[in-house]
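Take a look at the structure below.
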Amino acid sequence: MIAALEQATVSVGGVSFGNRLPLALIAGPCAMESRAHALEVASALKEITQRTGIGLVYKSSFDKANRTSGKSSRGIGLKAAMPIFAEVKETLGLPVVTDIHEIEQCAPVAEVVDILQIPAFLCRQTDLLVAAAKTGRAVNVKKGQFLAPWDMANVAAKVTEAGNPNVMVTERGASFGYNTLVSDMRALPIMAETTGAPVIFDATHSVQQPGGKGSSSGGQREYVPILARAAVAVGVAGLFIETHPDPDKAPSDGPNMVPLREMEGLLKTLVAFDRLAKGIA
């Protein structure tokens with residue numbers, strides 16, 4: 001039974017996520033900044049992933065609703081972002097994913113994006129999960145920092161029991177003391193076994209230091225490659241990596257984002273790890 005569950009796949013826009021399939025990637029800047037910035041990063045990522053042979057879903061957030069401080073920048077908003085996501089899809093042929101925070105956002109966002117993402121802090125919000133599921137779009141749920149990996153079975157079930165089998169679950173570390181997260185690699189196979197869903201590892205939020213800079217979160221991006229290699233060696237359906245041309249100037253999550261210029265080298269290494277872990281020739 002577990003072996004069958006581990007073979008569940010979710011496919012969007014020509015990209016397939018499965019725990020035994022070749023590694024796929026969700027990547028992009030944390031927050032959408034502008035049309036030009038989005039197209040620049042998406043175009044660069046498309047070229048990089050084509051050269052490295054990995055499927056890509058472009059990610060960015062139109063609203064950062066759970067910032068550390070109420071004074072922090074939240075993003076360009078839903079109405080401004082949806083045409084940009086549509087242009088990324090149309091001109092570059094990339095599937096896209098973004099976060100949703102409220103039930104009312106599900107339907108209009110689902111008209112454009114391929115995957116609705118549930119932030120970690122909202123992973124137990126039943127009404128939000130059900131509303132996302134009922135759009136028919138794939139749903140990626142990030143595991144709350146406060147949950148055990150086996151607790152995600154109930155979370156995934158809320159989506160599937162609403163009639164949508166296309167659910168993925170994402171590990172992004174667990175709270176460990178103040179302003180610190182720790183990644184337990186056992187969580188990856190545990191979630192695969194208990195949810196029956198493709199498992200994603202969020203390599204950039206796993207090195208985040210929530211609230212670590214007082215009015216904003218800190219991070220240790222130098223550890224992203226280490227955790228990503230470890231997760232891929234264990235075996236995952238995909239990786240979630242936020243990236244930016246100049247992370248130190250990014251409006252959100254700069255300390256834990258990977259510089260865009262470093263992505264190709266990192267992905268080449270991770271693809272090699274993935275092939276070894278899954279026995280792919």
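Going through the structure tokens in order, the chains are called A, B, and so on, while each chain numbers its residues from 1 and the ligands are numbered from 1 in the order shown.
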Practice task
Determine, counting only C-alpha atoms, which protein, DNA and RNA residues have an atom within 12 Å of an atom of segment 189-194 of chain A; residues of the same chain fewer than 2 positions away are not included. Present the result as an MDAnalysis selection string.
Solution key: chainID A and resid 1:9 18:20 141:143 147:157 167:171 184:187 196:201 231:237
Problem - Who sits within 6 Å of Val96 of chain A, only C-alpha atoms, same chain under 5 positions skipped, as a count of residues only - result: 5
Practice task
Looking only at strand (DSSP E or B) from DSSP on the backbone, list the matching residues of segment 74-127 of chain A as JSON, numbers by chain.
Solution key: {"A": [96, 97, 98, 99, 115, 116, 117, 118]}
Exercise for the section: Skip Ala250 of chain A itself and residues of its chain fewer than 4 positions away, then list as a list of chain:residue names all residues within 10 Å of it, counting only C-alpha atoms. Expected result: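 Near neighbours after the sequence-gap exclusion: A:Pro29, A:Cys30, A:Ala31, A:Met32, A:Glu33, A:Thr243, A:His244, A:Pro245, A:Asp246, A:Gly254, A:Pro255, A:Met257.
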Would you write out those residues with N, CA and C atoms, as a PDB file, in the first residue's frame?
ATOM      1  N   PRO A  29      11.558  34.460  -7.255  1.00  0.00           N
ATOM      2  CA  PRO A  29      11.766  35.384  -6.136  1.00  0.00           C
ATOM      3  C   PRO A  29      10.657  35.261  -5.102  1.00  0.00           C
ATOM      4  N   CYS A  30      10.968  35.579  -3.863  1.00  0.00           N
ATOM      5  CA  CYS A  30       9.983  35.470  -2.793  1.00  0.00           C
ATOM      6  C   CYS A  30       8.737  36.281  -3.118  1.00  0.00           C
ATOM      7  N   ALA A  31       8.919  37.569  -3.373  1.00  0.00           N
ATOM      8  CA  ALA A  31       7.795  38.462  -3.647  1.00  0.00           C
ATOM      9  C   ALA A  31       7.893  39.018  -5.055  1.00  0.00           C
ATOM     10  N   MET A  32       6.741  39.126  -5.719  1.00  0.00           N
ATOM     11  CA  MET A  32       6.730  39.740  -7.040  1.00  0.00           C
ATOM     12  C   MET A  32       6.979  41.237  -6.882  1.00  0.00           C
ATOM     13  N   GLU A  33       7.945  41.743  -7.640  1.00  0.00           N
ATOM     14  CA  GLU A  33       8.338  43.145  -7.519  1.00  0.00           C
ATOM     15  C   GLU A  33       7.813  44.006  -8.664  1.00  0.00           C
ATOM     16  N   THR A 243      14.941  32.457  -5.337  1.00  0.00           N
ATOM     17  CA  THR A 243      16.167  33.013  -5.898  1.00  0.00           C
ATOM     18  C   THR A 243      15.919  34.430  -6.383  1.00  0.00           C
ATOM     19  N   HIS A 244      16.999  35.204  -6.474  1.00  0.00           N
ATOM     20  CA  HIS A 244      16.880  36.621  -6.796  1.00  0.00           C
ATOM     21  C   HIS A 244      18.206  37.094  -7.391  1.00  0.00           C
ATOM     22  N   PRO A 245      18.172  38.014  -8.373  1.00  0.00           N
ATOM     23  CA  PRO A 245      19.436  38.514  -8.924  1.00  0.00           C
ATOM     24  C   PRO A 245      20.321  39.195  -7.892  1.00  0.00           C
ATOM     25  N   ASP A 246      19.708  39.834  -6.895  1.00  0.00           N
ATOM     26  CA  ASP A 246      20.457  40.527  -5.840  1.00  0.00           C
ATOM     27  C   ASP A 246      19.698  40.367  -4.522  1.00  0.00           C
ATOM     28  N   GLY A 254      15.364  38.079   1.661  1.00  0.00           N
ATOM     29  CA  GLY A 254      16.674  38.164   1.036  1.00  0.00           C
ATOM     30  C   GLY A 254      17.740  37.296   1.686  1.00  0.00           C
ATOM     31  N   PRO A 255      17.826  37.258   3.036  1.00  0.00           N
ATOM     32  CA  PRO A 255      18.911  36.511   3.679  1.00  0.00           C
ATOM     33  C   PRO A 255      18.920  35.022   3.392  1.00  0.00           C
ATOM     34  N   MET A 257      17.529  33.667   0.367  1.00  0.00           N
ATOM     35  CA  MET A 257      17.410  33.368  -1.062  1.00  0.00           C
ATOM     36  C   MET A 257      18.774  33.108  -1.695  1.00  0.00           C
TER      37      MET A 257
END
Practice task
Determine, counting only C-alpha atoms, which protein, DNA and RNA residues have an atom within 10 Å of an atom of Phe176 of chain A; residues of the same chain fewer than 4 positions away are not included. Present the result as JSON, numbers by chain.
Solution key: {"A": [145, 146, 180, 181, 182, 183]}
Output file for the selection above: all heavy atoms, as a PDB file, in the first residue's frame:
ATOM      1  N   GLN A 145       5.594  24.879  10.789  1.00  0.00           N
ATOM      2  CA  GLN A 145       6.791  24.663  11.603  1.00  0.00           C
ATOM      3  C   GLN A 145       6.451  24.014  12.944  1.00  0.00           C
ATOM      4  O   GLN A 145       7.325  23.523  13.643  1.00  0.00           O
ATOM      5  CB  GLN A 145       7.490  25.998  11.860  1.00  0.00           C
ATOM      6  CG  GLN A 145       7.889  26.747  10.605  1.00  0.00           C
ATOM      7  CD  GLN A 145       6.823  27.721  10.141  1.00  0.00           C
ATOM      8  OE1 GLN A 145       5.640  27.421  10.213  1.00  0.00           O
ATOM      9  NE2 GLN A 145       7.241  28.891   9.678  1.00  0.00           N
ATOM     10  N   PHE A 146       5.187  24.013  13.274  1.00  0.00           N
ATOM     11  CA  PHE A 146       4.696  23.518  14.566  1.00  0.00           C
ATOM     12  C   PHE A 146       4.120  22.106  14.467  1.00  0.00           C
ATOM     13  O   PHE A 146       3.612  21.575  15.455  1.00  0.00           O
ATOM     14  CB  PHE A 146       3.595  24.464  15.075  1.00  0.00           C
ATOM     15  CG  PHE A 146       2.622  24.867  14.005  1.00  0.00           C
ATOM     16  CD1 PHE A 146       1.530  24.071  13.701  1.00  0.00           C
ATOM     17  CD2 PHE A 146       2.825  26.022  13.276  1.00  0.00           C
ATOM     18  CE1 PHE A 146       0.650  24.416  12.692  1.00  0.00           C
ATOM     19  CE2 PHE A 146       1.945  26.394  12.266  1.00  0.00           C
ATOM     20  CZ  PHE A 146       0.849  25.588  11.967  1.00  0.00           C
ATOM     21  N   THR A 180      14.748  30.019  15.213  1.00  0.00           N
ATOM     22  CA  THR A 180      15.560  28.965  14.607  1.00  0.00           C
ATOM     23  C   THR A 180      14.677  27.843  14.080  1.00  0.00           C
ATOM     24  O   THR A 180      13.663  27.494  14.693  1.00  0.00           O
ATOM     25  CB  THR A 180      16.552  28.370  15.634  1.00  0.00           C
ATOM     26  OG1 THR A 180      17.350  29.426  16.187  1.00  0.00           O
ATOM     27  CG2 THR A 180      17.472  27.354  14.972  1.00  0.00           C
ATOM     28  N   LEU A 181      15.067  27.277  12.953  1.00  0.00           N
ATOM     29  CA  LEU A 181      14.412  26.105  12.387  1.00  0.00           C
ATOM     30  C   LEU A 181      15.432  24.983  12.242  1.00  0.00           C
ATOM     31  O   LEU A 181      16.627  25.243  12.095  1.00  0.00           O
ATOM     32  CB  LEU A 181      13.830  26.419  11.008  1.00  0.00           C
ATOM     33  CG  LEU A 181      12.766  27.518  10.931  1.00  0.00           C
ATOM     34  CD1 LEU A 181      12.437  27.828   9.477  1.00  0.00           C
ATOM     35  CD2 LEU A 181      11.509  27.101  11.674  1.00  0.00           C
ATOM     36  N   VAL A 182      14.953  23.755  12.292  1.00  0.00           N
ATOM     37  CA  VAL A 182      15.817  22.609  12.043  1.00  0.00           C
ATOM     38  C   VAL A 182      15.102  21.690  11.069  1.00  0.00           C
ATOM     39  O   VAL A 182      13.876  21.542  11.116  1.00  0.00           O
ATOM     40  CB  VAL A 182      16.166  21.866  13.353  1.00  0.00           C
ATOM     41  CG1 VAL A 182      14.931  21.256  13.996  1.00  0.00           C
ATOM     42  CG2 VAL A 182      17.225  20.796  13.111  1.00  0.00           C
ATOM     43  N   SER A 183      15.836  21.105  10.145  1.00  0.00           N
ATOM     44  CA  SER A 183      15.260  20.187   9.163  1.00  0.00           C
ATOM     45  C   SER A 183      15.570  18.751   9.562  1.00  0.00           C
ATOM     46  O   SER A 183      16.742  18.368   9.667  1.00  0.00           O
ATOM     47  CB  SER A 183      15.825  20.468   7.768  1.00  0.00           C
ATOM     48  OG  SER A 183      15.395  21.722   7.301  1.00  0.00           O
TER      49      SER A 183
END
Handout entry: Distance in Å - atom CA of Gln50 of chain A versus atom CA of Ala228 of chain A
Key =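 These atoms are spaced 19.6 Å apart.
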Handout entry: Distance in Å - atom CA of Glu47 of chain A versus atom CA of Leu270 of chain A
Key =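 Answer for the atom CA of Glu47 of chain A to atom CA of Leu270 of chain A separation: 16.7 Å.
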Practice task
Excluding Asp127 of chain A and residues on its chain fewer than 2 positions from it, collect all residues at most 12 Å away from it, counting only C-alpha atoms, and give them as a PyMOL selection string.
Solution key: chain A and resi 101-104+106+118+122-125+129-134+155+158-159+162
Exercise for the section: Go through A:Ala81, A:Leu276, A:Ile115, A:Leu128 and flag the residue nearest Asn166 of chain A, using only C-alpha atoms for the distances. Expected result: A:Ile115
Near-Ala38 of chain A list (9 Å; only C-alpha atoms; drop same-chain fewer than 2 positions) as a PDB file with all heavy atoms, in the first residue's frame:
ATOM      1  N   GLY A  28      11.757  30.893  -7.908  1.00  0.00           N
ATOM      2  CA  GLY A  28      11.483  32.270  -8.289  1.00  0.00           C
ATOM      3  C   GLY A  28      11.738  33.169  -7.091  1.00  0.00           C
ATOM      4  O   GLY A  28      12.097  32.700  -6.008  1.00  0.00           O
ATOM      5  N   PRO A  29      11.558  34.460  -7.255  1.00  0.00           N
ATOM      6  CA  PRO A  29      11.766  35.384  -6.136  1.00  0.00           C
ATOM      7  C   PRO A  29      10.657  35.261  -5.102  1.00  0.00           C
ATOM      8  O   PRO A  29       9.527  34.888  -5.438  1.00  0.00           O
ATOM      9  CB  PRO A  29      11.759  36.762  -6.802  1.00  0.00           C
ATOM     10  CG  PRO A  29      10.943  36.566  -8.031  1.00  0.00           C
ATOM     11  CD  PRO A  29      11.196  35.159  -8.495  1.00  0.00           C
ATOM     12  N   MET A  32       6.741  39.126  -5.719  1.00  0.00           N
ATOM     13  CA  MET A  32       6.730  39.740  -7.040  1.00  0.00           C
ATOM     14  C   MET A  32       6.979  41.237  -6.882  1.00  0.00           C
ATOM     15  O   MET A  32       6.311  41.912  -6.105  1.00  0.00           O
ATOM     16  CB  MET A  32       5.398  39.484  -7.742  1.00  0.00           C
ATOM     17  CG  MET A  32       5.373  39.982  -9.162  1.00  0.00           C
ATOM     18  SD  MET A  32       3.872  39.491 -10.061  1.00  0.00           S
ATOM     19  CE  MET A  32       4.234  37.768 -10.411  1.00  0.00           C
ATOM     20  N   GLU A  33       7.945  41.743  -7.640  1.00  0.00           N
ATOM     21  CA  GLU A  33       8.338  43.145  -7.519  1.00  0.00           C
ATOM     22  C   GLU A  33       7.813  44.006  -8.664  1.00  0.00           C
ATOM     23  O   GLU A  33       7.428  45.151  -8.465  1.00  0.00           O
ATOM     24  CB  GLU A  33       9.865  43.241  -7.450  1.00  0.00           C
ATOM     25  CG  GLU A  33      10.438  42.506  -6.230  1.00  0.00           C
ATOM     26  CD  GLU A  33      11.959  42.540  -6.187  1.00  0.00           C
ATOM     27  OE1 GLU A  33      12.547  43.526  -6.685  1.00  0.00           O
ATOM     28  OE2 GLU A  33      12.556  41.579  -5.657  1.00  0.00           O
ATOM     29  N   SER A  34       7.829  43.461  -9.885  1.00  0.00           N
ATOM     30  CA  SER A  34       7.369  44.195 -11.053  1.00  0.00           C
ATOM     31  C   SER A  34       7.271  43.224 -12.214  1.00  0.00           C
ATOM     32  O   SER A  34       7.797  42.103 -12.158  1.00  0.00           O
ATOM     33  CB  SER A  34       8.336  45.329 -11.419  1.00  0.00           C
ATOM     34  OG  SER A  34       9.575  44.788 -11.866  1.00  0.00           O
ATOM     35  N   ARG A  35       6.622  43.669 -13.289  1.00  0.00           N
ATOM     36  CA  ARG A  35       6.538  42.852 -14.507  1.00  0.00           C
ATOM     37  C   ARG A  35       7.936  42.564 -15.054  1.00  0.00           C
ATOM     38  O   ARG A  35       8.264  41.414 -15.368  1.00  0.00           O
ATOM     39  CB  ARG A  35       5.693  43.573 -15.553  1.00  0.00           C
ATOM     40  CG  ARG A  35       5.703  42.913 -16.926  1.00  0.00           C
ATOM     41  CD  ARG A  35       4.911  43.711 -17.947  1.00  0.00           C
ATOM     42  NE  ARG A  35       5.032  43.147 -19.277  1.00  0.00           N
ATOM     43  CZ  ARG A  35       6.021  43.420 -20.128  1.00  0.00           C
ATOM     44  NH1 ARG A  35       6.985  44.290 -19.771  1.00  0.00           N
ATOM     45  NH2 ARG A  35       6.060  42.837 -21.326  1.00  0.00           N
ATOM     46  N   ALA A  36       8.756  43.587 -15.161  1.00  0.00           N
ATOM     47  CA  ALA A  36      10.093  43.413 -15.736  1.00  0.00           C
ATOM     48  C   ALA A  36      10.932  42.451 -14.907  1.00  0.00           C
ATOM     49  O   ALA A  36      11.639  41.588 -15.454  1.00  0.00           O
ATOM     50  CB  ALA A  36      10.791  44.771 -15.848  1.00  0.00           C
ATOM     51  N   GLU A  40      12.305  38.830 -16.129  1.00  0.00           N
ATOM     52  CA  GLU A  40      13.759  38.638 -16.121  1.00  0.00           C
ATOM     53  C   GLU A  40      14.138  37.350 -15.397  1.00  0.00           C
ATOM     54  O   GLU A  40      14.918  36.529 -15.917  1.00  0.00           O
ATOM     55  CB  GLU A  40      14.429  39.827 -15.442  1.00  0.00           C
ATOM     56  CG  GLU A  40      15.933  39.660 -15.230  1.00  0.00           C
ATOM     57  CD  GLU A  40      16.540  40.669 -14.267  1.00  0.00           C
ATOM     58  OE1 GLU A  40      15.815  41.593 -13.836  1.00  0.00           O
ATOM     59  OE2 GLU A  40      17.742  40.537 -13.943  1.00  0.00           O
ATOM     60  N   VAL A  41      13.601  37.172 -14.201  1.00  0.00           N
ATOM     61  CA  VAL A  41      13.964  35.998 -13.407  1.00  0.00           C
ATOM     62  C   VAL A  41      13.395  34.725 -14.024  1.00  0.00           C
ATOM     63  O   VAL A  41      14.083  33.695 -14.111  1.00  0.00           O
ATOM     64  CB  VAL A  41      13.493  36.158 -11.951  1.00  0.00           C
ATOM     65  CG1 VAL A  41      13.815  34.905 -11.142  1.00  0.00           C
ATOM     66  CG2 VAL A  41      14.150  37.381 -11.308  1.00  0.00           C
ATOM     67  N   ALA A  42      12.141  34.782 -14.459  1.00  0.00           N
ATOM     68  CA  ALA A  42      11.527  33.598 -15.058  1.00  0.00           C
ATOM     69  C   ALA A  42      12.274  33.174 -16.319  1.00  0.00           C
ATOM     70  O   ALA A  42      12.493  31.972 -16.561  1.00  0.00           O
ATOM     71  CB  ALA A  42      10.059  33.875 -15.368  1.00  0.00           C
ATOM     72  N   SER A  43      12.673  34.145 -17.157  1.00  0.00           N
ATOM     73  CA  SER A  43      13.417  33.822 -18.373  1.00  0.00           C
ATOM     74  C   SER A  43      14.758  33.180 -18.052  1.00  0.00           C
ATOM     75  O   SER A  43      15.161  32.186 -18.684  1.00  0.00           O
ATOM     76  CB  SER A  43      13.643  35.090 -19.208  1.00  0.00           C
ATOM     77  OG  SER A  43      12.426  35.648 -19.638  1.00  0.00           O
ATOM     78  N   SER A  60       6.256  33.040  -7.320  1.00  0.00           N
ATOM     79  CA  SER A  60       6.423  34.341  -6.684  1.00  0.00           C
ATOM     80  C   SER A  60       5.141  34.651  -5.930  1.00  0.00           C
ATOM     81  O   SER A  60       4.080  34.132  -6.272  1.00  0.00           O
ATOM     82  CB  SER A  60       6.720  35.427  -7.718  1.00  0.00           C
ATOM     83  OG  SER A  60       7.298  36.560  -7.113  1.00  0.00           O
ATOM     84  N   ILE A  84       0.661  39.493 -14.800  1.00  0.00           N
ATOM     85  CA  ILE A  84       2.080  39.161 -14.940  1.00  0.00           C
ATOM     86  C   ILE A  84       2.269  37.646 -14.943  1.00  0.00           C
ATOM     87  O   ILE A  84       3.021  37.102 -15.761  1.00  0.00           O
ATOM     88  CB  ILE A  84       2.905  39.822 -13.815  1.00  0.00           C
ATOM     89  CG1 ILE A  84       2.766  41.354 -13.897  1.00  0.00           C
ATOM     90  CG2 ILE A  84       4.363  39.409 -13.911  1.00  0.00           C
ATOM     91  CD1 ILE A  84       3.386  42.089 -12.739  1.00  0.00           C
ATOM     92  N   PHE A  85       1.578  36.957 -14.044  1.00  0.00           N
ATOM     93  CA  PHE A  85       1.632  35.494 -14.068  1.00  0.00           C
ATOM     94  C   PHE A  85       1.135  34.965 -15.410  1.00  0.00           C
ATOM     95  O   PHE A  85       1.715  34.031 -15.983  1.00  0.00           O
ATOM     96  CB  PHE A  85       0.783  34.908 -12.936  1.00  0.00           C
ATOM     97  CG  PHE A  85       1.446  34.909 -11.593  1.00  0.00           C
ATOM     98  CD1 PHE A  85       0.829  35.520 -10.500  1.00  0.00           C
ATOM     99  CD2 PHE A  85       2.662  34.290 -11.387  1.00  0.00           C
ATOM    100  CE1 PHE A  85       1.433  35.519  -9.251  1.00  0.00           C
ATOM    101  CE2 PHE A  85       3.278  34.278 -10.138  1.00  0.00           C
ATOM    102  CZ  PHE A  85       2.653  34.901  -9.068  1.00  0.00           C
ATOM    103  N   VAL A  88       3.852  35.397 -17.977  1.00  0.00           N
ATOM    104  CA  VAL A  88       4.915  34.406 -17.795  1.00  0.00           C
ATOM    105  C   VAL A  88       4.503  33.069 -18.428  1.00  0.00           C
ATOM    106  O   VAL A  88       5.288  32.419 -19.134  1.00  0.00           O
ATOM    107  CB  VAL A  88       5.235  34.221 -16.302  1.00  0.00           C
ATOM    108  CG1 VAL A  88       6.130  32.999 -16.083  1.00  0.00           C
ATOM    109  CG2 VAL A  88       5.917  35.467 -15.745  1.00  0.00           C
TER     110      VAL A  88
END
Exercise for the section: Identify which of the residues A:Glu264, A:Ser61, A:Ile76, A:Lys89 lies closest to Leu116 of chain A, counting only C-alpha atoms when measuring atom-to-atom distances. Expected result: A:Ser61
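Atom CA of Val271 of chain A to atom CA of Thr91 of chain A spans 26.3 Å [interatomic distance, one decimal].
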Problem - Residue set, segment 32-190 of chain A restricted to helix (DSSP H, G or I), as number ranges by chain - result: A: 35-52, 78-92, 103-110, 120-122, 126-134, 149-160, 187-190
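The shortest atom-to-atom distance to Phe240 of chain A, with only C-alpha atoms taken into account, belongs to A:Leu23 out of A:Leu39, A:Leu260, A:Leu94, A:Leu23.
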Fill in the blank from the handout: Restricting to only C-alpha atoms, whichever of A:Gly177, A:Gly14, A:Pro22, A:Pro95 is closest to Leu239 of chain A is A:Pro22
Practice task
Kindly indicate which residue among A:Thr52, A:Ser11, A:Gln220, A:Ser175 lies nearest to Val139 of chain A, using only C-alpha atoms for the distances.
Solution key: A:Ser11
Exercise for the section: Mind checking which residues fall within 8 Å of Thr204 of chain A, counting only C-alpha atoms, ignoring those fewer than 4 positions away in the same chain, and posting them as a PyMOL selection string? Expected result: chain A and resi 208+221+224+240-242+256-258
